[in-house]
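Just start.txt here, compact mmCIF, C-alpha atoms:
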# COMPACT_ATOMS: atom_id res chain seq x y z
CA MET A 1 18.65 -7.21 -16.84
CA ARG A 2 16.37 -9.37 -18.91
CA ASP A 3 12.68 -8.51 -18.68
CA LEU A 4 10.52 -10.38 -16.20
CA LYS A 5 8.28 -12.83 -18.02
CA HIS A 6 4.96 -11.61 -16.57
CA LEU A 7 5.71 -7.91 -16.06
CA ILE A 8 3.70 -6.67 -19.06
CA TYR A 9 0.75 -8.83 -17.98
CA PHE A 10 0.98 -7.47 -14.42
CA GLU A 11 1.05 -3.91 -15.78
CA SER A 12 -2.09 -4.55 -17.82
CA LEU A 13 -3.95 -5.53 -14.64
CA LEU A 14 -3.30 -2.10 -13.15
CA GLN A 15 -4.94 -0.08 -15.92
CA GLU A 16 -8.39 -0.16 -14.30
CA ALA A 17 -10.00 -1.36 -11.09
CA ASN A 18 -12.32 -3.77 -12.92
CA ASN A 19 -9.45 -5.64 -14.56
CA ALA A 20 -9.57 -8.96 -16.41
CA LEU A 21 -9.03 -11.10 -13.31
CA VAL A 22 -11.64 -9.19 -11.31
CA LYS A 23 -14.13 -9.76 -14.13
CA GLN A 24 -13.24 -13.47 -14.21
CA ALA A 25 -13.73 -13.90 -10.46
CA CYS A 26 -17.05 -12.04 -10.56
CA SER A 27 -18.21 -14.21 -13.45
CA GLU A 28 -17.46 -17.25 -11.27
CA GLY A 29 -19.91 -15.90 -8.69
CA LYS A 30 -17.40 -14.54 -6.19
CA LEU A 31 -18.08 -11.33 -4.27
CA ALA A 32 -15.70 -8.38 -4.71
CA LEU A 33 -15.10 -6.72 -1.33
CA ALA A 34 -13.48 -3.29 -1.67
CA TYR A 35 -11.28 -1.63 0.96
CA ASN A 36 -9.07 1.45 1.26
CA CYS A 37 -6.80 0.97 4.25
CA SER A 38 -3.94 -1.23 5.47
CA TYR A 39 -5.78 -1.77 8.75
CA ILE A 40 -8.43 -3.94 7.05
CA PRO A 41 -7.58 -7.67 7.53
CA GLU A 42 -7.14 -9.03 3.99
CA PRO A 43 -7.85 -12.71 4.86
CA LEU A 44 -11.39 -11.78 5.94
CA LEU A 45 -12.02 -10.38 2.46
CA ASP A 46 -10.44 -13.40 0.76
CA ILE A 47 -12.62 -15.94 2.55
CA GLU A 48 -14.15 -18.65 0.37
CA GLY A 49 -16.63 -17.10 -2.06
CA CYS A 50 -15.07 -13.61 -1.87
CA PHE A 51 -11.97 -11.67 -2.84
CA GLY A 52 -10.56 -8.36 -1.70
CA VAL A 53 -9.90 -5.39 -4.01
CA ARG A 54 -8.00 -2.37 -2.75
CA LEU A 55 -9.49 0.61 -4.54
CA ARG A 56 -7.43 2.72 -6.94
CA ALA A 57 -8.43 5.30 -9.54
CA PRO A 58 -5.89 4.94 -12.38
CA GLY A 59 -5.82 7.92 -14.71
CA CYS A 60 -8.08 10.13 -12.60
CA THR A 61 -6.73 13.68 -12.97
CA ASN A 62 -9.82 15.89 -12.57
CA PRO A 63 -12.09 14.84 -9.67
CA ASP A 64 -14.45 17.75 -10.30
CA LEU A 65 -17.68 16.11 -9.17
CA ALA A 66 -16.07 14.68 -6.04
CA THR A 67 -14.62 18.10 -5.25
CA TYR A 68 -18.16 19.50 -5.27
CA TYR A 69 -19.09 17.03 -2.53
CA MET A 70 -15.83 17.15 -0.56
CA THR A 71 -14.27 20.62 -1.19
CA ASN A 72 -10.99 21.39 -2.93
CA ARG A 73 -9.01 21.06 0.30
CA SER A 74 -9.72 17.37 0.70
CA CYS A 75 -7.28 14.51 0.19
CA PRO A 76 -6.89 13.97 -3.60
CA TYR A 77 -6.79 10.18 -3.14
CA SER A 78 -10.23 10.15 -1.49
CA LYS A 79 -11.64 12.52 -4.09
CA SER A 80 -10.26 10.43 -6.95
CA ILE A 81 -11.84 7.26 -5.54
CA LEU A 82 -15.19 9.02 -5.17
CA GLU A 83 -14.93 10.46 -8.68
CA ARG A 84 -14.29 7.01 -10.14
CA ALA A 85 -17.30 5.70 -8.20
CA PHE A 86 -19.50 8.43 -9.74
CA GLU A 87 -18.18 7.31 -13.15
CA GLY A 88 -19.31 3.73 -12.45
CA GLY A 89 -15.81 2.33 -12.15
CA TYR A 90 -16.64 0.23 -9.08
CA ASN A 91 -20.04 -1.13 -10.06
CA PHE A 92 -18.71 -4.66 -9.64
CA ILE A 93 -18.13 -4.46 -5.86
CA SER A 94 -20.51 -6.05 -3.34
CA ALA A 95 -19.40 -4.15 -0.22
CA LEU A 96 -16.98 -1.44 0.88
CA ILE A 97 -15.06 -2.20 4.07
CA GLY A 98 -13.80 1.14 5.34
CA GLN A 99 -11.85 2.34 8.33
CA GLU A 100 -12.21 5.56 10.28
CA CYS A 101 -8.59 6.44 9.62
CA CYS A 102 -9.31 10.07 8.78
CA THR A 103 -12.34 12.30 8.29
CA THR A 104 -11.86 12.66 4.54
CA MET A 105 -11.56 8.93 3.91
CA ASN A 106 -14.54 8.23 6.13
CA ARG A 107 -16.64 10.86 4.39
CA MET A 108 -15.75 9.46 0.96
CA GLU A 109 -16.79 5.97 2.02
CA GLN A 110 -20.11 7.25 3.39
CA TYR A 111 -20.93 8.85 0.03
CA PHE A 112 -20.98 5.38 -1.54
CA ASP A 113 -24.11 4.80 0.55
CA TYR A 114 -25.59 8.29 0.63
CA CYS A 115 -25.44 8.70 -3.16
CA LYS A 116 -26.29 5.04 -3.88
CA LEU A 117 -23.30 4.78 -6.21
CA ILE A 118 -23.27 0.98 -6.53
CA PRO A 119 -26.18 -0.62 -8.48
CA ASN A 120 -26.56 -3.55 -6.09
CA GLU A 121 -29.47 -3.72 -3.63
CA LYS A 122 -27.38 -5.73 -1.18
CA PHE A 123 -24.37 -3.40 -1.31
CA PHE A 124 -23.35 -1.92 2.03
CA THR A 125 -20.58 0.23 3.47
CA VAL A 126 -19.09 -0.19 6.93
CA CYS A 127 -16.35 1.74 8.71
CA ILE A 128 -14.25 0.01 11.36
CA ASP A 129 -13.22 2.11 14.34
CA MET A 130 -9.55 1.20 14.67
CA PRO A 131 -7.93 2.02 18.04
CA ILE A 132 -5.21 4.68 17.92
CA LYS A 133 -3.17 2.90 20.60
CA LYS A 134 -1.76 -0.61 20.83
CA GLY A 135 -2.25 -3.14 23.64
CA ASP A 136 -4.31 -6.12 24.75
CA TRP A 137 -7.47 -4.11 25.53
CA TYR A 138 -7.28 -2.36 22.17
CA ALA A 139 -6.82 -5.69 20.40
CA GLY A 140 -10.01 -6.93 22.05
CA TYR A 141 -11.84 -3.81 20.94
CA PHE A 142 -10.56 -4.33 17.37
CA ARG A 143 -11.78 -7.95 17.41
CA ARG A 144 -15.24 -6.79 18.43
CA GLN A 145 -15.22 -4.22 15.62
CA ILE A 146 -14.30 -6.96 13.11
CA GLU A 147 -17.15 -9.14 14.37
CA LYS A 148 -19.68 -6.29 14.27
CA LYS A 149 -18.60 -4.54 11.05
CA ILE A 150 -17.35 -7.40 8.81
CA LEU A 151 -18.33 -10.89 9.95
CA THR A 152 -21.93 -10.21 11.00
CA PRO A 153 -22.97 -8.07 7.96
CA MET A 154 -21.34 -10.51 5.54
CA LYS A 155 -23.10 -13.47 7.15
CA GLU A 156 -26.48 -11.74 7.27
CA THR A 157 -26.32 -10.13 3.81
CA TYR A 158 -24.51 -12.71 1.72
CA GLY A 159 -24.47 -15.86 3.87
CA ILE A 160 -20.66 -16.01 4.01
CA ASP A 161 -19.24 -18.76 6.20
CA TYR A 162 -16.59 -17.48 8.63
CA SER A 163 -16.07 -20.77 10.42
CA GLU A 164 -12.66 -21.52 11.94
CA GLU A 165 -11.88 -23.92 9.09
CA LYS A 166 -12.64 -21.29 6.42
CA LEU A 167 -10.65 -18.62 8.28
CA MET A 168 -7.59 -20.85 8.63
CA ASP A 169 -7.72 -21.63 4.93
CA ALA A 170 -7.96 -17.94 4.03
CA ILE A 171 -5.05 -17.06 6.32
CA GLU A 172 -2.87 -19.81 4.86
CA ARG A 173 -3.58 -18.65 1.30
CA HIS A 174 -2.79 -15.09 2.40
CA ASN A 175 0.45 -16.25 4.02
CA GLU A 176 1.61 -17.85 0.80
CA ILE A 177 1.22 -14.48 -0.94
CA CYS A 178 3.21 -12.89 1.90
CA ARG A 179 5.99 -15.46 1.57
CA LEU A 180 6.22 -14.91 -2.18
CA ILE A 181 6.26 -11.10 -1.91
CA THR A 182 8.85 -11.29 0.89
CA GLU A 183 11.03 -13.58 -1.23
CA ILE A 184 10.69 -11.36 -4.31
CA GLY A 185 11.36 -8.23 -2.26
CA SER A 186 14.46 -9.73 -0.62
CA TYR A 187 16.40 -9.34 -3.89
CA ARG A 188 16.30 -5.58 -3.28
CA LYS A 189 18.73 -6.13 -0.38
CA LEU A 190 21.53 -7.28 -2.68
CA ASP A 191 24.51 -5.01 -3.26
CA ASN A 192 23.35 -4.86 -6.88
CA PRO A 193 19.60 -5.61 -6.72
CA THR A 194 18.17 -7.99 -9.33
CA ILE A 195 14.75 -6.36 -9.29
CA THR A 196 13.92 -2.68 -9.76
CA GLY A 197 11.72 -0.68 -7.45
CA TYR A 198 9.26 -0.18 -10.31
CA GLU A 199 9.00 -3.92 -11.00
CA PHE A 200 8.44 -4.70 -7.34
CA HIS A 201 5.85 -1.93 -7.02
CA VAL A 202 3.86 -3.40 -9.92
CA ILE A 203 3.98 -6.90 -8.44
CA GLN A 204 3.00 -5.74 -4.94
CA LEU A 205 0.05 -3.73 -6.32
CA VAL A 206 -1.22 -6.71 -8.28
CA THR A 207 -1.52 -8.71 -5.04
CA LEU A 208 -3.78 -5.98 -3.63
CA VAL A 209 -6.11 -5.35 -6.57
CA CYS A 210 -6.54 -8.84 -8.07
CA PRO A 211 -8.11 -12.05 -6.75
CA LYS A 212 -5.13 -13.74 -5.14
CA TYR A 213 -6.07 -17.25 -6.26
CA LEU A 214 -5.87 -16.13 -9.89
CA ILE A 215 -2.47 -14.48 -9.59
CA VAL A 216 -0.54 -16.78 -7.25
CA ASP A 217 0.77 -19.09 -10.02
CA LYS A 218 2.43 -16.20 -11.83
CA LEU A 219 3.89 -14.94 -8.56
CA ARG A 220 5.43 -18.37 -7.99
CA GLU A 221 6.92 -18.30 -11.48
CA THR A 222 8.28 -14.80 -10.92
CA ALA A 223 9.89 -15.82 -7.61
CA GLU A 224 11.51 -18.79 -9.36
CA GLU A 225 12.65 -16.60 -12.26
CA LEU A 226 14.39 -14.15 -9.93
CA LYS A 227 16.55 -16.91 -8.45
CA THR A 228 18.59 -17.00 -11.65
CA ARG A 229 18.20 -13.40 -12.86
CA GLU A 230 21.55 -11.70 -13.32
CA PRO A 231 21.96 -7.98 -12.60
CA ASP A 232 23.48 -5.59 -15.11
CA GLU A 233 27.26 -5.69 -14.94
CA LYS A 234 27.31 -1.92 -14.46
CA PRO A 235 24.48 -0.66 -12.22
CA ASP A 236 22.17 1.84 -13.90
CA TYR A 237 21.59 3.77 -10.67
CA ARG A 238 23.76 6.08 -8.56
CA ALA A 239 22.13 5.72 -5.14
CA LYS A 240 19.67 3.52 -3.29
CA VAL A 241 16.65 5.11 -1.64
CA MET A 242 13.74 4.13 0.56
CA LEU A 243 10.30 5.54 -0.31
CA VAL A 244 8.08 6.45 2.66
CA GLY A 245 4.69 8.07 3.20
CA SER A 246 1.02 8.04 2.22
CA GLU A 247 -0.73 6.32 -0.70
CA ILE A 248 1.38 5.54 -3.75
CA ASP A 249 -0.71 3.33 -6.00
CA ASP A 250 0.86 4.48 -9.29
CA PRO A 251 4.08 2.65 -10.21
CA GLU A 252 4.91 5.53 -12.55
CA PHE A 253 5.86 7.55 -9.46
CA THR A 254 8.45 4.94 -8.53
CA LYS A 255 9.63 4.89 -12.14
CA LEU A 256 10.05 8.69 -12.00
CA VAL A 257 12.29 8.36 -8.94
CA GLU A 258 14.37 5.67 -10.63
CA MET A 259 14.69 7.65 -13.85
CA CYS A 260 16.46 10.29 -11.75
CA GLY A 261 19.33 7.91 -10.96
CA ALA A 262 17.99 6.19 -7.83
CA ARG A 263 17.03 2.61 -7.12
CA VAL A 264 14.03 2.27 -4.81
CA VAL A 265 14.91 -0.63 -2.51
CA ALA A 266 12.23 -0.35 0.20
CA ASP A 267 8.56 0.69 0.21
CA ARG A 268 7.21 1.94 3.57
CA TYR A 269 4.02 3.57 2.31
CA CYS A 270 0.32 2.83 2.03
CA PHE A 271 -0.02 0.10 -0.64
CA GLY A 272 3.58 -0.97 0.10
CA SER A 273 4.87 -4.25 1.50
CA LEU A 274 6.71 -2.87 4.56
CA PRO A 275 4.86 -3.55 6.73
CA GLY A 276 1.93 -5.51 5.35
CA ARG A 277 3.34 -8.67 3.84
CA GLU A 278 4.31 -10.45 7.04
CA GLU A 279 2.81 -13.87 7.73
CA ILE A 280 -0.14 -13.99 10.14
CA ALA A 281 -0.55 -16.42 13.03
CA VAL A 282 -3.90 -18.21 12.60
CA ASP A 283 -5.00 -17.33 16.14
CA ALA A 284 -3.92 -13.67 16.18
CA LEU A 285 -5.50 -11.89 13.23
CA ALA A 286 -6.62 -8.72 15.04
CA GLU A 287 -3.41 -8.48 17.06
CA HIS A 288 -1.35 -8.81 13.88
CA TYR A 289 -3.00 -5.92 12.05
CA MET A 290 -2.98 -3.72 15.13
CA LYS A 291 0.66 -4.28 16.07
CA ILE A 292 2.46 -4.34 12.71
CA ASN A 293 0.80 -1.24 11.31
CA GLU A 294 3.05 1.81 11.14
CA CYS A 295 0.28 4.33 10.37
CA PRO A 296 0.95 7.81 11.83
CA ARG A 297 -2.58 7.88 13.31
CA SER A 298 -1.23 5.59 16.06
CA MET A 299 -0.63 7.96 18.98
CA GLY A 300 1.60 7.97 22.04
CA THR A 301 5.28 8.88 22.44
CA GLU A 302 6.32 5.23 22.32
CA ASN A 303 4.63 4.68 18.95
CA ILE A 304 5.93 7.94 17.49
CA ILE A 305 9.54 7.06 18.35
CA ALA A 306 9.08 3.43 17.26
CA ARG A 307 7.97 4.52 13.77
CA LYS A 308 11.19 6.48 13.23
CA GLN A 309 13.24 3.56 14.51
CA TYR A 310 11.38 1.27 12.08
CA LEU A 311 12.31 3.55 9.17
CA TYR A 312 15.92 3.60 10.31
CA ASP A 313 16.07 -0.20 10.68
CA ILE A 314 14.51 -0.86 7.26
CA ALA A 315 16.81 1.66 5.58
CA LYS A 316 19.85 -0.10 7.05
CA GLU A 317 18.54 -3.59 6.28
CA TYR A 318 17.90 -2.69 2.63
CA LYS A 319 21.14 -0.64 2.37
CA ALA A 320 19.40 2.60 1.41
CA ASP A 321 21.64 5.64 1.09
CA GLY A 322 18.75 8.02 1.77
CA ILE A 323 15.02 8.27 2.41
CA ILE A 324 12.39 10.08 0.35
CA LEU A 325 9.43 11.05 2.53
CA GLN A 326 6.26 12.11 0.74
CA ASN A 327 2.68 12.84 1.61
CA MET A 328 -0.52 13.44 -0.30
CA LYS A 329 -1.70 17.05 -0.31
CA PHE A 330 -4.00 17.91 2.61
CA CYS A 331 -3.12 14.67 4.47
CA GLU A 332 -2.79 15.82 8.08
CA TYR A 333 -1.47 12.54 9.48
CA TRP A 334 1.32 12.12 6.95
CA GLY A 335 1.94 15.85 6.68
CA TYR A 336 3.02 16.01 10.31
CA GLU A 337 4.71 12.61 10.18
CA ARG A 338 6.74 13.55 7.10
CA ALA A 339 8.05 16.76 8.65
CA ILE A 340 8.92 15.16 12.00
CA ALA A 341 10.46 12.00 10.52
CA ALA A 342 12.56 13.96 8.02
CA LYS A 343 14.04 16.14 10.78
CA TRP A 344 14.64 13.29 13.22
CA LEU A 345 16.29 11.03 10.65
CA ALA A 346 18.38 13.79 9.02
CA GLU A 347 19.67 14.94 12.42
CA GLY A 348 19.91 11.50 14.03
CA LEU A 349 17.38 12.26 16.77
CA ASN A 350 16.20 9.16 18.70
CA VAL A 351 17.93 6.89 16.13
CA PRO A 352 21.53 5.57 16.17
CA SER A 353 22.79 7.80 13.34
CA ALA A 354 21.64 10.34 10.77
CA ILE A 355 20.28 9.37 7.34
CA PRO A 356 19.90 11.88 4.46
CA THR A 357 16.27 12.70 3.69
CA CYS A 358 14.25 14.41 0.99
CA GLN A 359 10.65 15.44 1.66
CA ILE A 360 7.94 16.37 -0.82
CA GLU A 361 4.20 16.99 -0.98
CA ARG A 362 2.42 15.54 -4.00
CA ASP A 363 -0.93 15.16 -5.74
CA TYR A 364 -2.66 11.83 -6.37
CA ALA A 365 -1.97 11.99 -10.11
CA ASN A 366 1.61 12.41 -11.27
CA ALA A 367 1.37 16.15 -11.76
CA ALA A 368 4.31 18.58 -11.62
CA THR A 369 6.70 15.84 -12.73
CA GLY A 370 9.24 18.45 -13.84
CA GLN A 371 9.53 19.91 -10.35
CA LEU A 372 9.66 16.45 -8.75
CA ARG A 373 12.33 15.34 -11.19
CA THR A 374 14.47 18.32 -10.26
CA ARG A 375 14.11 17.56 -6.54
CA PHE A 376 14.91 13.87 -6.97
CA GLN A 377 17.90 14.52 -9.23
CA ALA A 378 19.34 16.99 -6.71
CA PHE A 379 18.80 14.50 -3.86
CA VAL A 380 20.48 11.67 -5.78
CA GLU A 381 23.41 13.95 -6.58
CA SER A 382 23.78 14.88 -2.91
CA LEU A 383 23.78 11.19 -1.94
CA GLU A 384 26.40 10.49 -4.58
CA ILE A 385 28.62 13.30 -3.26
CA LYS A 386 28.28 11.99 0.31
CA LYS A 387 29.41 8.52 -0.81
CA LEU A 388 32.39 9.96 -2.66
CA GLN A 389 33.38 12.02 0.36
CA ALA A 390 33.03 9.01 2.67
CA ASN A 391 35.33 6.95 0.44
CA ALA A 392 37.89 9.71 -0.03

Can you present the structure in this file as structure tokens?
Amino acid sequence: MRDLKHLIYFESLLQEANNALVKQACSEGKLALAYNCSYIPEPLLDIEGCFGVRLRAPGCTNPDLATYYMTNRSCPYSKSILERAFEGGYNFISALIGQECCTTMNRMEQYFDYCKLIPNEKFFTVCIDMPIKKGDWYAGYFRRQIEKKILTPMKETYGIDYSEEKLMDAIERHNEICRLITEIGSYRKLDNPTITGYEFHVIQLVTLVCPKYLIVDKLRETAEELKTREPDEKPDYRAKVMLVGSEIDDPEFTKLVEMCGARVVADRYCFGSLPGREEIAVDALAEHYMKINECPRSMGTENIIARKQYLYDIAKEYKADGIILQNMKFCEYWGYERAIAAKWLAEGLNVPSAIPTCQIERDYANAATGQLRTRFQAFVESLEIKKLQANA
């Protein structure tokens, strides 16, 4: 396939958190509001005068200082973010909007305040207490948390206007990004997809780490470009897979999977688009983020079964031959979820039929690529054999 026009530019924006577009927005007087979790409502961070930045730590391989504060058995994603903060990599942010999703993440966010890592007298950190169940009462509790932890501090500290008119505008701008990402991602459903998993991963990440108003024009052009993009006559992959699990904010991981003969056609992981890039009703912001989220911290038998059904449905919709389930080392939520989901899906428990699975545990940085490559190559080969046997 011919190269996407803006792919190299998109890749350049992922080399550091304080990228060229972030610097441009800050120079225009806009406030950079950092966040770490899919539960945080993006439109509230992209209100007029602000923009949201989901924190990454590209190239962080030795979080030694962060390990001193958090121990060597802590989540490597959280340690890498803290390490980058100690290095001054996030000095441009005006606030950190956290979520009490897990103890390690919460502790990392608190260190931003305790260690005074951001040279801004007005900087503050808040942690939203997200309910672990879904329902009308829990949605009301979430709304009160948003009011107390985001709207009030932003109004009092920076004078941000969260009027109904401003909120509706922010939601509509957010929805346009969702429509574009959904359109771009839909080409992965084709029998011979016209976009690779790596390309889509880069594009999706850009919408999370850059000011959306500065990137939307290039997203429109990319969506238009894909309408006429022709796939290679002979596919360069042997099987289609769905990638599931905890944080994957390095497109090189997706590239590694695809270099092993797979095509990643669906992304159900933190930083992914499924779920996360669905349009939001203007009068149901809290309900939207509470109900669409497929985080394993959501408890109850109904939610546990529903998450496996969601994986099954997405795999079928995107025509995936198998599912790769991964989790970050020391991540308790995804560690349990990975093991349970892999067994249920492979054996067809509580889902209509079985789907082949491969499960791995990984570090934040792309370490042990040789071992991962061997696992992925073996999984792709097994999927290929299953297809040949089914067609025999």

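CA of Asn327 in chain A sits 5.1 Å away from CA of Ser246 in chain A.
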
Quick one: residues within 8 Å of Leu55 in chain A, all atoms listed in the file counted, chain neighbours fewer than 5 positions away excluded, as a ChimeraX atom specification?
/A:17,34-36,81,209

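Our summary of the geometry notes that CA of Leu21 in chain A is positioned 12.6 Å from CA of Lys218 in chain A.
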
At a cut-off of 7 Å from (13.4, 7.4, 17.0) in the coordinates of the file, what residues are picked up using all atoms listed in the file, written as an MDAnalysis selection string?
chainID A and resid 305:309 349:351

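Between CA of Asn72 in chain A and CA of Lys329 in chain A lies a distance of 10.6 Å.
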
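Summary of the local environment: counting all atoms listed in the file, residues at most 12 Å from Asn91 in chain A, other than itself and those fewer than 5 positions away along its chain, are Ala17, Asn18, Val22, Lys23, Cys26, Leu31, Ala32, Leu33, Ala34, Arg84, Ala85, Phe86, Leu96, Phe112, Lys116, Leu117, Ile118, Pro119, Asn120, Glu121 and Phe123 of chain A.
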
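Near Ala20 in chain A, within 12 Å and counting all atoms listed in the file, sit Tyr9, Phe10, Glu11, Ser12, Leu13, Leu14, Gln15, Glu16, Ala17, Lys23, Gln24, Ala25, Cys26, Ser27, Val206, Val209, Cys210, Pro211, Leu214 and Ile215 of chain A, not including residues fewer than 3 positions from it in the same chain.
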
Contact residues around range 370-386 of chain A with all atoms listed in the file at 8 Å, ignoring same-chain residues under 6 positions, as a tab-separated table (two decimals) with C-alpha atoms, in the coordinates of the input:
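As a result, selection_0.tsv now contains:
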chain	number	residue	atom	x	y	z
A	238	ARG	CA	23.76	6.08	-8.56
A	239	ALA	CA	22.13	5.72	-5.14
A	256	LEU	CA	10.05	8.69	-12.00
A	257	VAL	CA	12.29	8.36	-8.94
A	260	CYS	CA	16.46	10.29	-11.75
A	261	GLY	CA	19.33	7.91	-10.96
A	262	ALA	CA	17.99	6.19	-7.83
A	321	ASP	CA	21.64	5.64	1.09
A	322	GLY	CA	18.75	8.02	1.77
A	356	PRO	CA	19.90	11.88	4.46
A	358	CYS	CA	14.25	14.41	0.99

Closest contacts (range 262-305 of chain A/range 187-200 of chain A, max 9 Å, all atoms listed in the file) as a tab-separated table:
residue	atom	partner	partner_atom	distance
A:Arg263	CA	A:Gly197	CA	6.3
A:Val264	CA	A:Gly197	CA	4.6
A:Val265	CA	A:Arg188	CA	5.2
A:Ala266	CA	A:Arg188	CA	7.5
A:Asp267	CA	A:Gly197	CA	8.4

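Among the candidates A:Glu224, A:Gly276, A:Leu151, A:Thr207, the one nearest to Tyr289 in chain A when counting only C-alpha atoms is A:Gly276.
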
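Closest approach to Lys387 in chain A among A:Cys127, A:Ala320, A:Leu180, A:Val216 is made by A:Ala320 (distances from only C-alpha atoms).
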
Neighbour list for Asp232 in chain A as a PyMOL selection string, cut-off 9 Å, all atoms listed in the file, skip fewer than 2 positions in-chain
chain A and resi 1-2+192+194+230+234-236

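Take the candidates A:Leu65, A:Gly135, A:Arg54, A:Lys79 and check each one against Ala95 in chain A using only C-alpha atoms; the shortest distance goes to A:Arg54.
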
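Proximity ranking of A:Gly245, A:Pro131, A:Pro153, A:Pro275 relative to Arg297 in chain A places A:Pro131 first, based on all atoms listed in the file.
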
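Proximity of A:Glu247, A:Glu176, A:Glu287, A:Asp64 to Ala139 in chain A, computed with all atoms listed in the file, is greatest for A:Glu287.
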
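Proximity to Pro63 in chain A was assessed for A:Tyr138, A:Phe330, A:Tyr364, A:Tyr114 counting all atoms listed in the file; the smallest distance is recorded for A:Tyr364.
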